[in-house]
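Listing of final.cif, mmCIF, C-alpha atoms
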data_model
loop_
_atom_site.label_atom_id
_atom_site.label_comp_id
_atom_site.auth_asym_id
_atom_site.auth_seq_id
_atom_site.Cartn_x
_atom_site.Cartn_y
_atom_site.Cartn_z
CA MET R 45 152.34 197.43 -49.84
CA ALA R 46 150.66 200.07 -47.70
CA LEU R 47 152.76 199.07 -44.67
CA TYR R 48 155.93 199.23 -46.79
CA LEU R 49 155.12 202.76 -47.98
CA THR R 50 154.27 203.78 -44.43
CA TRP R 51 157.68 202.72 -43.12
CA VAL R 52 159.45 204.42 -46.04
CA PHE R 53 157.54 207.61 -45.23
CA VAL R 54 158.21 207.37 -41.47
CA PHE R 55 161.96 206.80 -41.77
CA GLY R 56 162.21 209.38 -44.55
CA ILE R 57 160.59 211.99 -42.30
CA LEU R 58 162.79 211.07 -39.32
CA GLY R 59 165.93 211.06 -41.47
CA ASN R 60 165.06 214.49 -42.82
CA ALA R 61 164.39 215.84 -39.31
CA VAL R 62 167.73 214.65 -37.89
CA SER R 63 169.69 215.75 -40.97
CA PHE R 64 167.96 219.14 -40.86
CA MET R 65 169.25 219.74 -37.32
CA VAL R 66 172.75 218.54 -38.23
CA SER R 67 172.80 220.87 -41.25
CA LEU R 68 171.98 223.85 -39.03
CA ALA R 69 174.66 222.98 -36.47
CA PRO R 70 177.36 225.21 -38.06
CA LEU R 71 175.24 228.35 -37.50
CA PRO R 72 177.07 229.24 -34.23
CA THR R 73 180.34 229.05 -36.18
CA PHE R 74 179.09 231.58 -38.71
CA TYR R 75 177.64 233.81 -36.03
CA GLN R 76 181.12 233.89 -34.56
CA ILE R 77 182.54 234.74 -37.99
CA TYR R 78 179.96 237.52 -38.33
CA LYS R 79 180.84 238.98 -34.91
CA LYS R 80 184.58 238.85 -35.54
CA LYS R 81 184.18 239.98 -39.18
CA THR R 82 186.73 237.37 -40.22
CA SER R 83 186.70 233.68 -41.11
CA GLU R 84 190.36 233.28 -40.19
CA GLY R 85 190.92 230.03 -38.30
CA PHE R 86 188.08 228.25 -40.10
CA GLN R 87 188.22 226.31 -43.36
CA SER R 88 185.75 226.21 -46.24
CA ILE R 89 186.36 222.65 -47.45
CA PRO R 90 183.70 220.97 -45.22
CA TYR R 91 180.99 223.20 -46.67
CA VAL R 92 182.22 222.83 -50.26
CA VAL R 93 182.27 219.05 -49.96
CA SER R 94 178.87 219.00 -48.24
CA LEU R 95 177.49 220.98 -51.18
CA PHE R 96 179.06 218.50 -53.61
CA SER R 97 177.53 215.60 -51.67
CA ALA R 98 174.07 217.21 -51.73
CA MET R 99 174.31 217.80 -55.49
CA LEU R 100 175.26 214.15 -56.07
CA TRP R 101 172.37 212.80 -54.02
CA ILE R 102 169.84 215.12 -55.68
CA TYR R 103 171.01 213.94 -59.09
CA TYR R 104 170.75 210.32 -57.95
CA ALA R 105 167.29 210.83 -56.44
CA LEU R 106 165.99 212.52 -59.59
CA LEU R 107 167.11 209.57 -61.70
CA LYS R 108 165.72 207.06 -59.20
CA LYS R 109 162.36 208.90 -59.11
CA ASP R 110 161.07 207.32 -55.89
CA ALA R 111 163.41 208.91 -53.34
CA MET R 112 161.52 212.11 -52.51
CA PHE R 113 163.05 212.47 -49.06
CA LEU R 114 166.57 212.47 -50.50
CA ILE R 115 165.53 215.39 -52.68
CA THR R 116 163.96 217.42 -49.85
CA ILE R 117 166.85 217.26 -47.37
CA ASN R 118 169.57 217.68 -49.98
CA THR R 119 167.80 220.60 -51.63
CA PHE R 120 167.79 222.27 -48.23
CA ASN R 121 171.46 221.34 -47.84
CA VAL R 122 172.32 222.98 -51.16
CA PHE R 123 170.84 226.28 -49.99
CA ILE R 124 172.31 226.17 -46.48
CA GLN R 125 175.79 225.18 -47.74
CA PHE R 126 175.67 228.02 -50.29
CA PHE R 127 174.83 230.37 -47.42
CA TYR R 128 177.79 229.08 -45.39
CA ILE R 129 180.17 229.33 -48.33
CA ILE R 130 179.04 232.86 -49.29
CA THR R 131 179.37 234.01 -45.69
CA TYR R 132 182.81 232.43 -45.39
CA PHE R 133 183.87 233.98 -48.69
CA TYR R 134 182.61 237.45 -47.71
CA TYR R 135 184.55 237.54 -44.44
CA GLY R 136 187.53 235.45 -45.53
CA PRO R 137 191.02 236.81 -46.20
CA LYS R 138 192.08 237.03 -49.84
CA LYS R 139 194.17 233.85 -49.69
CA GLU R 140 191.25 231.84 -48.30
CA LYS R 141 188.89 233.28 -50.91
CA ILE R 142 191.19 232.00 -53.65
CA VAL R 143 191.34 228.57 -52.00
CA THR R 144 187.54 228.48 -51.72
CA VAL R 145 187.10 229.35 -55.41
CA LYS R 146 189.55 226.60 -56.38
CA LEU R 147 187.74 224.07 -54.20
CA MET R 148 184.37 225.07 -55.65
CA PHE R 149 185.72 224.63 -59.15
CA LEU R 150 187.35 221.29 -58.32
CA PHE R 151 184.36 219.68 -56.59
CA ASN R 152 181.19 221.48 -57.65
CA VAL R 153 182.05 222.42 -61.23
CA PHE R 154 184.67 220.02 -62.55
CA GLY R 155 183.96 217.02 -60.30
CA PHE R 156 180.19 217.14 -60.57
CA GLY R 157 180.40 218.03 -64.26
CA VAL R 158 182.52 214.97 -65.05
CA ILE R 159 180.16 212.68 -63.11
CA PHE R 160 177.10 214.21 -64.75
CA LEU R 161 178.44 214.02 -68.31
CA SER R 162 179.82 210.50 -67.87
CA THR R 163 176.51 209.12 -66.60
CA PHE R 164 173.68 211.21 -68.02
CA PHE R 165 174.28 210.18 -71.64
CA LEU R 166 174.47 206.46 -70.94
CA SER R 167 171.82 204.90 -73.16
CA ASN R 168 170.63 202.36 -70.60
CA PRO R 169 168.79 204.09 -67.68
CA SER R 170 169.41 201.11 -65.38
CA ILE R 171 173.15 201.20 -66.02
CA ARG R 172 173.15 204.97 -65.52
CA LEU R 173 171.46 204.66 -62.13
CA LEU R 174 173.72 201.75 -61.14
CA VAL R 175 176.94 203.62 -61.96
CA LEU R 176 175.78 206.82 -60.24
CA GLY R 177 174.64 204.80 -57.23
CA TYR R 178 178.09 203.25 -56.86
CA ILE R 179 179.68 206.70 -57.09
CA CYS R 180 177.36 208.09 -54.41
CA MET R 181 177.93 205.07 -52.18
CA ALA R 182 181.73 205.26 -52.54
CA PHE R 183 181.72 208.96 -51.69
CA ALA R 184 179.39 208.43 -48.72
CA LEU R 185 181.63 205.64 -47.39
CA ALA R 186 184.64 207.95 -47.62
CA VAL R 187 182.73 210.65 -45.77
CA PHE R 188 181.66 208.29 -42.99
CA ALA R 189 185.25 207.11 -42.57
CA ALA R 190 186.39 210.70 -41.93
CA PRO R 191 185.58 210.60 -38.17
CA LEU R 192 188.62 208.37 -37.77
CA ALA R 193 190.54 211.66 -37.51
CA ILE R 194 188.52 212.61 -34.42
CA VAL R 195 188.82 209.10 -32.97
CA ARG R 196 192.60 209.28 -33.33
CA LYS R 197 192.65 212.73 -31.69
CA VAL R 198 190.51 211.59 -28.74
CA ILE R 199 192.64 208.51 -28.10
CA LYS R 200 195.86 210.51 -28.44
CA THR R 201 194.83 213.34 -26.11
CA LYS R 202 192.50 211.26 -23.90
CA SER R 203 190.10 214.19 -24.15
CA VAL R 204 186.65 214.51 -25.74
CA GLU R 205 186.96 218.28 -25.95
CA TYR R 206 186.94 218.12 -29.75
CA MET R 207 184.19 215.50 -30.09
CA PRO R 208 180.78 216.91 -29.08
CA PHE R 209 178.58 214.16 -27.65
CA THR R 210 175.34 215.68 -28.95
CA LEU R 211 176.71 215.75 -32.48
CA SER R 212 177.77 212.10 -32.23
CA VAL R 213 174.27 211.14 -31.04
CA PHE R 214 172.51 212.97 -33.87
CA LEU R 215 174.87 211.58 -36.51
CA THR R 216 174.28 208.06 -35.17
CA LEU R 217 170.51 208.56 -35.16
CA GLY R 218 170.70 209.95 -38.67
CA ALA R 219 172.68 206.92 -39.84
CA VAL R 220 170.04 204.59 -38.35
CA MET R 221 167.14 206.48 -39.95
CA TRP R 222 168.75 206.63 -43.39
CA PHE R 223 169.79 202.97 -43.20
CA LEU R 224 166.20 201.93 -42.50
CA TYR R 225 164.93 204.29 -45.20
CA GLY R 226 167.30 202.72 -47.74
CA LEU R 227 166.45 199.22 -46.50
CA PHE R 228 162.70 199.68 -46.90
CA LEU R 229 163.28 201.43 -50.21
CA LYS R 230 165.42 198.42 -51.20
CA ASP R 231 168.28 200.73 -52.13
CA MET R 232 171.64 199.50 -50.84
CA ASN R 233 173.39 202.63 -52.14
CA ILE R 234 171.59 204.52 -49.38
CA ALA R 235 171.59 201.80 -46.74
CA VAL R 236 175.15 200.41 -46.87
CA PRO R 237 177.15 203.63 -46.15
CA ASN R 238 175.00 204.30 -43.10
CA ILE R 239 176.05 200.99 -41.54
CA LEU R 240 179.56 202.42 -41.36
CA GLY R 241 178.13 205.70 -40.11
CA PHE R 242 176.33 203.89 -37.30
CA ILE R 243 179.47 201.96 -36.31
CA PHE R 244 181.61 205.10 -36.13
CA GLY R 245 178.86 206.98 -34.30
CA VAL R 246 178.64 204.29 -31.62
CA LEU R 247 182.45 204.20 -31.40
CA GLN R 248 182.52 207.96 -30.77
CA MET R 249 179.92 207.67 -28.01
CA ILE R 250 181.87 204.83 -26.37
CA LEU R 251 185.04 206.95 -26.46
CA TYR R 252 183.09 209.83 -24.95
CA ALA R 253 181.94 207.59 -22.08
CA VAL R 254 185.52 206.40 -21.50
CA TYR R 255 187.27 209.79 -21.62
CA ARG R 256 184.58 212.31 -20.59
CA ASN R 257 185.92 212.65 -17.01
CA HIS R 258 189.57 212.59 -18.02
CA PRO R 259 191.48 215.82 -17.23
CA LYS R 260 191.79 218.08 -20.24
CA LYS R 261 195.23 218.63 -21.67
CA THR R 262 196.39 222.14 -22.40
CA VAL R 263 196.59 222.48 -26.14
CA GLU R 264 199.62 224.23 -27.47
CA GLU R 265 199.02 226.86 -30.11
CA SER R 266 201.26 224.96 -32.51
CA ASP R 267 198.82 222.03 -32.34
CA LEU R 268 195.71 224.08 -32.95
CA LYS R 269 196.14 224.38 -36.68
CA LEU R 270 196.63 220.62 -36.88
CA GLN R 271 193.38 220.05 -35.00
CA LEU R 272 191.53 222.43 -37.28
CA SER R 273 193.03 220.61 -40.22
CA ASP R 274 191.92 217.26 -38.81
CA HIS R 275 188.36 218.45 -38.49
CA SER R 276 188.28 220.11 -41.87
CA VAL R 277 188.10 216.70 -43.52
CA ILE R 278 185.09 215.66 -41.46
CA PHE R 279 181.93 216.34 -43.36
CA ASP R 280 178.52 214.77 -43.31
CA ALA R 281 176.98 213.22 -46.49
CA ALA R 282 173.41 212.54 -46.02
CA LYS R 283 173.62 215.18 -44.90
CA LEU R 284 176.05 214.54 -43.13
CA GLY R 285 177.14 217.60 -42.88
CA SER R 286 178.43 215.75 -41.01
CA ASN R 287 180.50 216.71 -39.11
CA VAL R 288 181.02 220.22 -40.23
CA CYS R 289 179.79 221.52 -36.93
CA SER R 290 182.73 219.98 -35.15
CA ASP R 291 184.51 223.15 -36.28
CA VAL R 292 182.55 224.92 -33.54
CA SER R 293 184.18 222.83 -30.83
CA ASN R 294 187.58 223.15 -32.47
CA ASN R 295 187.52 226.89 -32.40
CA ASN R 296 186.04 227.10 -28.92
CA GLY R 297 188.89 224.89 -27.78
CA ARG R 298 191.30 227.04 -29.71
CA ASP R 299 190.07 230.21 -28.02
CA ASP R 300 190.26 228.61 -24.57
CA ALA R 301 193.79 227.45 -25.18
CA LEU R 302 194.92 230.84 -26.43
CA ASN R 303 193.38 232.53 -23.41
CA LYS R 304 195.44 230.28 -21.14
CA VAL R 305 198.70 231.17 -22.90
#

Output the file's structure in the form of structure tokens.
Amino acid sequence: MALYLTWVFVFGILGNAVSFMVSLAPLPTFYQIYKKKTSEGFQSIPYVVSLFSAMLWIYYALLKKDAMFLITINTFNVFIQFFYIITYFYYGPKKEKIVTVKLMFLFNVFGFGVIFLSTFFLSNPSIRLLVLGYICMAFALAVFAAPLAIVRKVIKTKSVEYMPFTLSVFLTLGAVMWFLYGLFLKDMNIAVPNILGFIFGVLQMILYAVYRNHPKKTVEESDLKLQLSDHSVIFDAAKLGSNVCSDVSNNNGRDDALNKV
């Protein structure tokens, strides 16, 4: 029993550490927004969805009662995602502010509200936890499948310009840590989605090894919005925040391309 609790603690700590770094990865993006005094060219949906994911996992962890490390990292994620969203909203054009408000209402008010009301009042606590666990697992699986957009872009362009290797490594490590945490906690709702996360993380690193020395293609301005759109659906769930910080590479690539024009 003591050994079991030790491994749960170890992998919980490691999972929190990796997810903490991934959650902070978008900071350069928001420093760039601060310097330019505009969020034009960026999208708010990754941060809104990351906030929604963190709220779901906190709710699940509170009902489960023995998943402290899910609470710690996702509580931090709630605060950091709020910071990102507020910053984006402050510097965003009016049209984007309206879109952000609509997304917040859709995911964080209506979506979370429906899930909360439809599960909280279930009379059987075991059924309540089971239903919520399936919802969290389904959402996490959808989030982990999002990198397919980057994989498609890399194969199409034969360039890893929009797929940072460091990010792929940390997301893969995070998937391993959270899988082992869920495994030792005997919670498949945590463990199963991270199997997919690990597979896609390894796939991204393999693609990086294959295409890292391939000549970069000049990106036309007409394609830049599409690339930003592709990355806007890539968000990390455990934190996974995932993937939000890929916006940094997108916009760096966008600036380089525009400078060449």

Do you know which residues are at most 9 Å from range 139-153 of chain R counting all atoms listed in the file, after dropping those on the same chain fewer than 3 positions away, and could you put them as a list in words? Ser83, Glu84, Gln87, Ser88, Ile89, Val92, Val93, Leu95, Phe96, Met99, Ile129, Tyr132, Phe133, Tyr134, Tyr135, Gly136, Phe156, Gly157 and Val158 of chain R

What does the PyMOL selection byres ((chain R and resi 253) around 12) select in this file, as a list in words? Val198, Lys202, Ser203, Val204, Met207, Pro208, Phe209, Ser212, Val246, Leu247, Gln248, Met249, Ile250, Leu251, Tyr252, Val254, Tyr255, Arg256, Asn257 and His258 of chain R

Shell of 10 Å around Leu107 in chain R, all atoms listed in the file, local chain residues under 5 positions omitted, as an MDAnalysis selection string: chainID R and resid 101:102 164 169:170 172:173 176:177

Contact residues around Phe64 in chain R with only C-alpha atoms at 9 Å, ignoring same-chain residues under 2 positions, as a list in words: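 Contacts, in chain order: Gly59, Asn60, Ala61, Val62, Val66, Ser67, Leu68, Ala69, Ile117, Phe120, Asn121 and Lys283 of chain R.
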
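Here the question is which of R:Val175, R:Ala184, R:Phe214, R:Leu49 gets nearest to Gly245 in chain R using only C-alpha atoms, and that residue is R:Phe214.
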
CA of Gly241 in chain R and CA of Val220 in chain R, how far apart in Å?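 So the two atoms, CA of Val220 in chain R and CA of Gly241 in chain R, lie 8.4 Å apart.
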
Proximity to Asn238 in chain R - best of R:Ile130, R:Ile199, R:Tyr103, R:Gly226, all atoms listed in the file: R:Gly226

Enter the distance from CA of Met232 in chain R to CA of Leu192 in chain R, in Å, rounded to one decimal. 23.2 Å

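Here CA of Phe183 in chain R is placed at a distance of 20.0 Å from CA of Leu229 in chain R.
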
Might you pull out every residue within 12 Å of Asp110 in chain R, with only C-alpha atoms counted and same-chain residues fewer than 5 positions away left off, and present them as a PDB file with C-alpha atoms, in the frame of the given file?
ATOM      1  CA  LEU R  49     155.120 202.760 -47.980  1.00  0.00           C
ATOM      2  CA  VAL R  52     159.450 204.420 -46.040  1.00  0.00           C
ATOM      3  CA  PHE R  53     157.540 207.610 -45.230  1.00  0.00           C
ATOM      4  CA  GLY R  56     162.210 209.380 -44.550  1.00  0.00           C
ATOM      5  CA  ILE R 102     169.840 215.120 -55.680  1.00  0.00           C
ATOM      6  CA  TYR R 104     170.750 210.320 -57.950  1.00  0.00           C
ATOM      7  CA  ALA R 105     167.290 210.830 -56.440  1.00  0.00           C
ATOM      8  CA  ILE R 115     165.530 215.390 -52.680  1.00  0.00           C
ATOM      9  CA  TYR R 225     164.930 204.290 -45.200  1.00  0.00           C
ATOM     10  CA  GLY R 226     167.300 202.720 -47.740  1.00  0.00           C
ATOM     11  CA  PHE R 228     162.700 199.680 -46.900  1.00  0.00           C
ATOM     12  CA  LEU R 229     163.280 201.430 -50.210  1.00  0.00           C
ATOM     13  CA  LYS R 230     165.420 198.420 -51.200  1.00  0.00           C
ATOM     14  CA  ASP R 231     168.280 200.730 -52.130  1.00  0.00           C
TER      15      ASP R 231
END

Between R:Thr119, R:Pro70, R:Ile239, R:Tyr91, which is the closest to Leu224 in chain R once you count all atoms listed in the file?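 Among the listed residues, the smallest separation from Leu224 in chain R belongs to R:Ile239.
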
What box, with edges along x, y and z, holds each listed atom of range 83-88 of chain R when 6 Å is added on every side, and can you state its centre and edge lengths in Å to one decimal, as AutoDock Vina command-line options?
--center_x 188.3 --center_y 229.9 --center_z -42.3 --size_x 17.2 --size_y 19.5 --size_z 19.9
